[in-house]
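Student: Just one file: entry.pdb, with PDB, C-alpha atoms and all ligand atoms.
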ATOM      1  CA  MET H   1     255.302  65.415  39.307
ATOM      2  CA  GLY H   2     253.649  65.940  42.720
ATOM      3  CA  LYS H   3     250.412  67.064  41.118
ATOM      4  CA  ASN H   4     250.436  64.230  38.623
ATOM      5  CA  ARG H   5     251.117  61.769  41.346
ATOM      6  CA  SER H   6     248.102  62.723  43.427
ATOM      7  CA  THR H   7     245.941  62.430  40.309
ATOM      8  CA  ALA H   8     247.401  58.998  39.775
ATOM      9  CA  ASN H   9     246.566  58.065  43.355
ATOM     10  CA  ASP H  10     242.920  58.973  42.863
ATOM     11  CA  THR H  11     242.621  56.813  39.780
ATOM     12  CA  VAL H  12     244.152  53.767  41.359
ATOM     13  CA  SER H  13     242.459  53.923  44.721
ATOM     14  CA  GLN H  14     239.139  53.599  42.893
ATOM     15  CA  ALA H  15     240.460  50.684  40.932
ATOM     16  CA  THR H  16     242.109  48.755  43.752
ATOM     17  CA  PRO H  17     240.795  45.198  43.921
ATOM     18  CA  ARG H  18     239.647  43.412  47.018
ATOM     19  CA  ALA H  19     242.315  41.281  48.615
ATOM     20  CA  VAL H  20     241.840  38.039  46.744
ATOM     21  CA  GLN H  21     244.538  35.407  46.737
ATOM     22  CA  GLN H  22     244.334  32.484  44.370
ATOM     23  CA  GLN H  23     245.040  29.153  45.927
ATOM     24  CA  PRO H  24     245.305  26.706  43.040
ATOM     25  CA  ALA H  25     245.518  23.094  44.102
ATOM     26  CA  ARG H  26     249.046  22.271  43.087
ATOM     27  CA  THR H  27     251.651  23.764  45.383
ATOM     28  CA  ASP H  28     254.635  21.406  45.419
ATOM     29  CA  LEU H  29     256.589  21.300  42.193
ATOM     30  CA  GLY H  30     259.170  18.861  43.515
ATOM     31  CA  ASN H  31     262.840  19.146  42.830
ATOM     32  CA  LEU H  32     264.112  21.912  40.610
ATOM     33  CA  LYS H  33     266.742  19.628  39.147
ATOM     34  CA  GLY H  34     266.536  19.345  35.394
ATOM     35  CA  LYS H  35     263.572  21.720  35.138
ATOM     36  CA  LYS H  36     264.028  24.656  32.861
ATOM     37  CA  ILE H  37     262.485  27.870  34.125
ATOM     38  CA  LEU H  38     261.342  30.967  32.277
ATOM     39  CA  VAL H  39     260.500  34.179  34.123
ATOM     40  CA  ALA H  40     258.382  36.205  31.683
ATOM     41  CA  TYR H  41     257.121  39.586  32.824
ATOM     42  CA  PHE H  42     255.404  42.719  31.590
ATOM     43  CA  SER H  43     256.369  45.879  33.443
ATOM     44  CA  ARG H  44     256.238  49.583  32.602
ATOM     45  CA  THR H  45     258.894  52.236  33.042
ATOM     46  CA  GLY H  46     258.029  55.940  33.153
ATOM     47  CA  GLU H  47     255.627  57.624  35.528
ATOM     48  CA  ASN H  48     253.796  55.233  37.778
ATOM     49  CA  TYR H  49     251.532  55.012  40.785
ATOM     50  CA  GLN H  50     253.153  56.239  44.026
ATOM     51  CA  VAL H  51     256.720  55.892  42.732
ATOM     52  CA  GLY H  52     257.114  58.831  40.326
ATOM     53  CA  MET H  53     259.370  58.310  37.296
ATOM     54  CA  ILE H  54     261.039  54.901  37.324
ATOM     55  CA  GLU H  55     263.655  53.362  35.068
ATOM     56  CA  LYS H  56     262.921  49.784  36.065
ATOM     57  CA  GLY H  57     259.301  48.683  36.552
ATOM     58  CA  ASN H  58     258.046  47.260  39.859
ATOM     59  CA  THR H  59     257.175  43.872  38.400
ATOM     60  CA  HIS H  60     260.566  43.769  36.724
ATOM     61  CA  MET H  61     262.160  44.094  40.191
ATOM     62  CA  VAL H  62     260.251  41.024  41.413
ATOM     63  CA  ALA H  63     260.997  39.118  38.197
ATOM     64  CA  GLU H  64     264.713  39.617  38.802
ATOM     65  CA  MET H  65     264.412  38.281  42.349
ATOM     66  CA  ILE H  66     262.663  35.146  41.061
ATOM     67  CA  ALA H  67     265.289  34.638  38.356
ATOM     68  CA  GLN H  68     268.112  35.039  40.879
ATOM     69  CA  GLU H  69     266.527  32.562  43.284
ATOM     70  CA  THR H  70     265.657  29.910  40.711
ATOM     71  CA  GLY H  71     268.286  30.398  38.012
ATOM     72  CA  GLY H  72     265.450  31.024  35.543
ATOM     73  CA  THR H  73     265.779  32.946  32.294
ATOM     74  CA  LEU H  74     264.261  36.430  32.210
ATOM     75  CA  PHE H  75     262.072  37.442  29.305
ATOM     76  CA  GLU H  76     260.377  40.828  28.995
ATOM     77  CA  ILE H  77     256.919  40.787  27.408
ATOM     78  CA  ARG H  78     256.940  43.950  25.285
ATOM     79  CA  PRO H  79     254.112  45.542  23.336
ATOM     80  CA  ALA H  80     254.663  46.303  19.651
ATOM     81  CA  ASP H  81     253.161  49.726  20.395
ATOM     82  CA  PRO H  82     254.794  50.918  23.656
ATOM     83  CA  TYR H  83     252.650  52.434  26.394
ATOM     84  CA  PRO H  84     252.973  56.169  27.090
ATOM     85  CA  VAL H  85     255.464  57.467  29.654
ATOM     86  CA  GLY H  86     252.694  59.374  31.439
ATOM     87  CA  TYR H  87     250.640  57.582  34.051
ATOM     88  CA  ARG H  88     247.329  59.212  33.187
ATOM     89  CA  ASP H  89     247.740  58.529  29.448
ATOM     90  CA  THR H  90     248.524  54.906  30.222
ATOM     91  CA  THR H  91     245.474  54.439  32.428
ATOM     92  CA  ARG H  92     243.281  55.830  29.646
ATOM     93  CA  ARG H  93     244.709  53.495  27.015
ATOM     94  CA  ALA H  94     244.579  50.517  29.382
ATOM     95  CA  GLN H  95     240.937  51.199  30.214
ATOM     96  CA  GLN H  96     239.998  51.340  26.562
ATOM     97  CA  GLU H  97     241.880  48.112  25.832
ATOM     98  CA  LYS H  98     240.068  46.409  28.695
ATOM     99  CA  GLN H  99     236.659  47.632  27.505
ATOM    100  CA  GLU H 100     237.398  46.356  24.013
ATOM    101  CA  LYS H 101     238.939  43.099  25.301
ATOM    102  CA  ALA H 102     241.853  44.051  23.059
ATOM    103  CA  ARG H 103     244.801  41.777  22.401
ATOM    104  CA  PRO H 104     247.724  44.196  21.876
ATOM    105  CA  LYS H 105     250.428  42.821  19.607
ATOM    106  CA  LEU H 106     253.681  41.560  21.089
ATOM    107  CA  ALA H 107     257.131  42.757  20.091
ATOM    108  CA  GLY H 108     259.331  39.684  19.895
ATOM    109  CA  ASP H 109     258.858  36.203  21.268
ATOM    110  CA  VAL H 110     260.497  33.820  23.717
ATOM    111  CA  PRO H 111     263.422  32.030  22.115
ATOM    112  CA  ASP H 112     263.207  28.256  22.508
ATOM    113  CA  TRP H 113     259.730  28.286  24.092
ATOM    114  CA  ASP H 114     259.264  24.508  23.934
ATOM    115  CA  SER H 115     262.285  23.852  26.117
ATOM    116  CA  TYR H 116     260.763  25.383  29.295
ATOM    117  CA  ASP H 117     258.990  23.293  31.953
ATOM    118  CA  ILE H 118     257.999  26.060  34.355
ATOM    119  CA  VAL H 119     256.841  29.498  33.280
ATOM    120  CA  PHE H 120     256.623  32.265  35.853
ATOM    121  CA  TRP H 121     254.827  35.221  34.401
ATOM    122  CA  GLY H 122     254.442  38.588  35.994
ATOM    123  CA  TYR H 123     252.296  41.640  35.420
ATOM    124  CA  PRO H 124     250.971  44.720  37.189
ATOM    125  CA  ILE H 125     247.276  44.874  38.043
ATOM    126  CA  TRP H 126     245.581  47.207  35.576
ATOM    127  CA  TRP H 127     241.991  48.142  36.228
ATOM    128  CA  ASN H 128     241.451  45.147  38.545
ATOM    129  CA  ASP H 129     242.582  42.837  35.782
ATOM    130  CA  LEU H 130     245.677  41.852  33.874
ATOM    131  CA  PRO H 131     247.011  44.169  31.209
ATOM    132  CA  MET H 132     245.372  42.881  28.024
ATOM    133  CA  ILE H 133     248.789  42.140  26.549
ATOM    134  CA  ILE H 134     249.186  39.343  29.089
ATOM    135  CA  TYR H 135     246.151  37.624  27.592
ATOM    136  CA  THR H 136     247.817  38.023  24.185
ATOM    137  CA  PHE H 137     250.881  36.289  25.575
ATOM    138  CA  LEU H 138     248.916  33.442  27.175
ATOM    139  CA  GLU H 139     246.725  32.829  24.145
ATOM    140  CA  ASN H 140     249.666  32.900  21.724
ATOM    141  CA  HIS H 141     251.534  30.040  23.352
ATOM    142  CA  ASP H 142     251.049  26.344  23.809
ATOM    143  CA  PHE H 143     251.402  25.536  27.507
ATOM    144  CA  THR H 144     250.941  21.787  27.212
ATOM    145  CA  GLY H 145     253.183  20.076  29.743
ATOM    146  CA  LYS H 146     254.129  23.356  31.406
ATOM    147  CA  THR H 147     253.433  24.635  34.907
ATOM    148  CA  ILE H 148     252.553  28.321  35.061
ATOM    149  CA  ILE H 149     253.077  30.433  38.148
ATOM    150  CA  PRO H 150     251.660  33.967  38.239
ATOM    151  CA  PHE H 151     253.095  36.894  40.169
ATOM    152  CA  CYS H 152     251.996  40.486  40.201
ATOM    153  CA  THR H 153     252.465  43.930  41.685
ATOM    154  CA  SER H 154     249.812  46.523  42.429
ATOM    155  CA  ALA H 155     248.674  48.918  45.139
ATOM    156  CA  GLY H 156     248.380  45.957  47.540
ATOM    157  CA  ASP H 157     249.813  42.531  48.362
ATOM    158  CA  VAL H 158     247.285  40.731  46.192
ATOM    159  CA  LEU H 159     246.712  38.903  42.946
ATOM    160  CA  THR H 160     244.016  40.188  40.610
ATOM    161  CA  GLY H 161     241.351  37.614  41.421
ATOM    162  CA  GLN H 162     241.243  36.762  37.703
ATOM    163  CA  GLU H 163     243.948  34.117  37.976
ATOM    164  CA  GLY H 164     241.430  31.265  38.209
ATOM    165  CA  SER H 165     240.595  31.817  34.544
ATOM    166  CA  PHE H 166     244.175  31.625  33.351
ATOM    167  CA  PRO H 167     244.183  27.950  32.346
ATOM    168  CA  GLN H 168     241.394  28.849  29.865
ATOM    169  CA  HIS H 169     243.758  31.303  28.196
ATOM    170  CA  ALA H 170     246.970  29.340  28.671
ATOM    171  CA  LYS H 171     245.863  26.118  26.997
ATOM    172  CA  GLY H 172     247.305  22.973  28.509
ATOM    173  CA  ALA H 173     248.884  24.636  31.528
ATOM    174  CA  VAL H 174     248.776  23.502  35.132
ATOM    175  CA  MET H 175     248.822  26.463  37.472
ATOM    176  CA  ALA H 176     250.647  26.703  40.795
ATOM    177  CA  LYS H 177     250.164  29.167  43.621
ATOM    178  CA  GLY H 178     250.927  32.758  42.700
ATOM    179  CA  PHE H 179     252.301  35.722  44.588
ATOM    180  CA  GLY H 180     251.184  39.344  44.793
ATOM    181  CA  VAL H 181     253.112  42.209  46.361
ATOM    182  CA  GLU H 182     252.792  45.978  46.546
ATOM    183  CA  GLY H 183     254.678  47.563  43.654
ATOM    184  CA  LYS H 184     255.907  50.511  45.679
ATOM    185  CA  ARG H 185     257.568  48.170  48.169
ATOM    186  CA  ALA H 186     259.223  46.156  45.404
ATOM    187  CA  GLN H 187     260.547  49.409  43.940
ATOM    188  CA  GLN H 188     261.601  51.188  47.124
ATOM    189  CA  GLN H 189     262.255  48.414  49.652
ATOM    190  CA  PRO H 190     263.418  45.405  47.636
ATOM    191  CA  GLU H 191     265.297  44.057  50.649
ATOM    192  CA  MET H 192     261.925  43.603  52.396
ATOM    193  CA  VAL H 193     260.317  41.894  49.420
ATOM    194  CA  ARG H 194     263.158  39.482  48.651
ATOM    195  CA  PRO H 195     262.504  37.254  51.737
ATOM    196  CA  LEU H 196     258.793  37.117  50.846
ATOM    197  CA  VAL H 197     259.683  35.921  47.357
ATOM    198  CA  HIS H 198     262.003  33.318  48.850
ATOM    199  CA  GLN H 199     259.312  32.115  51.262
ATOM    200  CA  TRP H 200     256.793  31.715  48.431
ATOM    201  CA  LEU H 201     259.281  29.817  46.235
ATOM    202  CA  GLN H 202     260.177  27.621  49.187
ATOM    203  CA  GLY H 203     256.478  26.859  49.699
ATOM    204  CA  LEU H 204     256.340  25.711  46.087
ATOM    205  CA  GLY H 205     259.277  23.397  46.722
ATOM    206  CA  LEU H 206     261.440  25.272  44.236
ATOM    207  CA  VAL H 207     264.137  26.531  46.618
ATOM    208  CA  SER H 208     265.535  25.320  49.934
ATOM    209  CA  ALA H 209     265.299  27.098  53.256
ATOM    210  CA  ARG H 210     268.017  29.691  53.809
ATOM    211  CA  LYS H 211     270.885  28.384  55.933
TER     212      LYS H 211
HETATM  213  C1  LIG T 301     246.953  51.526  33.720
HETATM  214  C2  LIG T 301     247.124  51.240  35.172
HETATM  215  C3  LIG T 301     246.065  50.714  35.896
HETATM  216  C4  LIG T 301     246.244  50.352  37.231
HETATM  217  N1  LIG T 301     245.194  49.772  37.894
HETATM  218  C5  LIG T 301     245.405  49.329  39.161
HETATM  219  C6  LIG T 301     244.373  48.639  39.861
HETATM  220  O1  LIG T 301     243.270  48.410  39.353
HETATM  221  N2  LIG T 301     244.622  48.220  41.123
HETATM  222  C7  LIG T 301     245.822  48.431  41.729
HETATM  223  O2  LIG T 301     246.013  47.997  42.868
HETATM  224  N3  LIG T 301     246.834  49.071  41.095
HETATM  225  C8  LIG T 301     246.654  49.525  39.837
HETATM  226  N4  LIG T 301     247.665  50.164  39.169
HETATM  227  C9  LIG T 301     248.975  50.299  39.837
HETATM  228  C10 LIG T 301     249.954  49.243  39.356
HETATM  229  O3  LIG T 301     249.389  47.947  39.463
HETATM  230  C11 LIG T 301     251.242  49.270  40.180
HETATM  231  O4  LIG T 301     251.809  50.544  40.154
HETATM  232  C12 LIG T 301     252.245  48.231  39.649
HETATM  233  O5  LIG T 301     253.188  47.949  40.658
HETATM  234  C13 LIG T 301     252.964  48.700  38.394
HETATM  235  O6  LIG T 301     253.877  47.707  37.984
HETATM  236  P1  LIG T 301     254.974  47.948  36.870
HETATM  237  O7  LIG T 301     255.915  49.018  37.391
HETATM  238  O8  LIG T 301     255.670  46.627  36.796
HETATM  239  O9  LIG T 301     254.307  48.333  35.605
HETATM  240  C14 LIG T 301     247.496  50.573  37.864
HETATM  241  C15 LIG T 301     248.534  51.162  37.149
HETATM  242  C16 LIG T 301     248.360  51.505  35.808
HETATM  243  C17 LIG T 301     249.504  52.117  35.036
END
Is it possible to express this structure as structure tokens?
Ligand SMILES: Cc1cc2nc3c(=O)[nH]c(=O)nc-3n(C[C@H](O)[C@H](O)[C@H](O)COP(=O)(O)O)c2cc1C

Tutor:
Amino acid sequence: MGKNRSTANDTVSQATPRAVQQQPARTDLGNLKGKKILVAYFSRTGENYQVGMIEKGNTHMVAEMIAQETGGTLFEIRPADPYPVGYRDTTRRAQQEKQEKARPKLAGDVPDWDSYDIVFWGYPIWWNDLPMIIYTFLENHDFTGKTIIPFCTSAGDVLTGQEGSFPQHAKGAVMAKGFGVEGKRAQQQPEMVRPLVHQWLQGLGLVSARK
């Protein structure tokens, strides 16, 4: 694993994006009351960057924190053809999908999609972009009347920098300020990440200050 991990480090350090944070205009979503929240996420288990073999993905960890804070419903975005367990194999496939602007097929869909008002959706940064399957998810749904809120994990505390284009893919959506955090920290020090998640959600007006 040690050898594989250092190989993984090389790949990602070349691919790490500049620290770009999206600041979409709308930041206050008002009172949570009566709003139905979905927390959709894509996250890989297996061998990953700087964390070795994991049974719960980094983005999944953050998705759970958001669901706990907001009472939202968790939904895992799964590919019909699962990604390899190996890190290196996954980076190769992801790179090819990005080059081809692929839209990998989804396994399953959100039950009762129309009933949600707010859709959080999470993803790891892959090759300075979103995993192509996230574009599949955005383009396959009607977001009219919904607010979308991105969150992601990566090698840094950043979003991808691509988030500004999301409303083009998620037709009809209004986007609120997203959140990016280092995946390794979410995996290994969740107690440090939880307050950051709370602070972000509080800034959006979705949760109250801790007493
Ligand atoms: C295919 C692939 C490509 C990646 N590309 C990047 C990248 O460009 N920039 C970066 O900071 N991290 C990159 N990473 C690291 C992941 O973003 C990071 O490990 C993330 O927390 C994984 O989340 P997950 O466990 O939810 O899948 C990449 C990881 C993989 C597997």

Student: Go through H:Met61, H:Val51, H:Ile133, H:Ile118 one by one, measure the shortest atom-to-atom distance of each to H:Thr147 using only C-alpha atoms, and give the residue with the smallest value.

Tutor: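 Closest to H:Thr147 of all the choices is H:Ile118.
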
Student: Within 6 Å of ligand LIG 301 (chain T), which residues of chain H show up? Give each one with its shortest atom-to-atom distance in Å (one decimal) and the two atoms involved, counting all atoms listed in the file, rows by chain then rising residue number, as a tab-separated table.

Tutor:
residue	atom	partner	partner_atom	distance
H:Val12	CA	T:LIG301	C5	5.1
H:Ala15	CA	T:LIG301	O1	3.9
H:Thr16	CA	T:LIG301	N2	3.7
H:Pro17	CA	T:LIG301	N2	5.6
H:Ser43	CA	T:LIG301	O8	3.5
H:Arg44	CA	T:LIG301	O9	3.8
H:Asn48	CA	T:LIG301	O4	5.6
H:Tyr49	CA	T:LIG301	O4	4.5
H:Gly57	CA	T:LIG301	O7	3.5
H:Asn58	CA	T:LIG301	O7	3.7
H:Thr59	CA	T:LIG301	O8	3.5
H:His60	CA	T:LIG301	O8	5.7
H:Tyr87	CA	T:LIG301	C17	5.7
H:Thr90	CA	T:LIG301	C1	5.1
H:Thr91	CA	T:LIG301	C1	3.5
H:Ala94	CA	T:LIG301	C1	5.0
H:Pro124	CA	T:LIG301	O6	4.2
H:Ile125	CA	T:LIG301	O3	4.0
H:Trp126	CA	T:LIG301	N1	3.5
H:Trp127	CA	T:LIG301	O1	3.4
H:Asn128	CA	T:LIG301	O1	3.8
H:Thr153	CA	T:LIG301	O5	4.2
H:Ser154	CA	T:LIG301	O3	3.3
H:Ala155	CA	T:LIG301	O2	3.6
H:Gly156	CA	T:LIG301	O2	5.6
H:Gly183	CA	T:LIG301	O5	3.4

Student: Smallest atom-to-atom distance to H:Val62: which of H:Val119, H:Leu74, H:Ala209, H:Leu204, using all atoms listed in the file?

Tutor: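 Closest to H:Val62, using all atoms listed in the file: H:Leu74.
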
Student: Calculate how many Å separate atom CA of H:Ala102 from atom CA of H:Ala186, rounding to one decimal.

Tutor: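 Atom CA of H:Ala186 lies 28.4 Å from atom CA of H:Ala102.
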
Student: For atom CA of H:Tyr41 and atom CA of H:Tyr116, quote the distance in Å rounded to one decimal.

Tutor: 15.1 Å

Student: Please write as a ChimeraX atom specification the full residue list that the PyMOL selection byres (((chain H and resi 79) around 7) and not hetatm) yields on this file.

Tutor: /H:77-78,80-82,104-107

Student: From the set H:Pro131, H:Pro195, H:Gly203, H:Gly86, which residue has the shortest atom-to-atom contact distance to H:Thr45, counting only C-alpha atoms?

Tutor: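 Ranked by minimum distance to H:Thr45, first place goes to H:Gly86.
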
Student: At what distance in Å, to one decimal, does atom CA of H:Val110 lie from atom CA of H:Gly180?

Tutor: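 About the pair atom CA of H:Gly180 and atom CA of H:Val110: they are 23.7 Å apart.
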
Student: With all atoms listed in the file as the atoms that count, which of H:Leu201, H:Ala176, H:Ala170, H:Leu196 lies nearest to H:Tyr135?

Tutor: H:Ala170

Student: Using the file's own x, y and z axes, what box holds all listed atoms of stretch 139-142 of chain H with 3 Å on each side, keeping edges along x, y and z, and what are its centre and edge lengths in Å to one decimal, as JSON?

Tutor:
{"center_x": 249.1, "center_y": 29.6, "center_z": 22.9, "size_x": 10.8, "size_y": 12.6, "size_z": 8.4}

Student: For the structure shown, which residues end up in the PyMOL selection byres (((chain H and resi 70) around 10) and not hetatm)? Put them as a list in words, please?

Tutor: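 With the shown file as input, the PyMOL selection byres (((chain H and resi 70) around 10) and not hetatm) matches Leu32, Lys36, Ile37, Leu38, Val39, Glu64, Met65, Ile66, Ala67, Gln68, Glu69, Gly71, Gly72, Thr73, His198, Leu201, Leu206 and Val207 of chain H.
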
Student: Which residue, H:His141, H:Arg210, H:Lys56, H:Lys101, has the smallest gap to H:Glu76 when you use all atoms listed in the file?

Tutor: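 When distances to H:Glu76 are compared using all atoms listed in the file, the smallest one comes from H:Lys56.
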
Student: Can you pull out the residues contacting H:Gly46? Cut-off 7 Å, using only C-alpha atoms, and skip same-chain residues under 6 positions away; I want them as a PyMOL selection string.

Tutor: chain H and resi 53-55+85-86

Student: Of the residues H:Val174, H:Ala40, H:Val193, H:Leu159, which is the one nearest to H:Gly122, using only C-alpha atoms?

Tutor: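 Of H:Val174, H:Ala40, H:Val193, H:Leu159, the one nearest H:Gly122, counting only C-alpha atoms, is H:Ala40.
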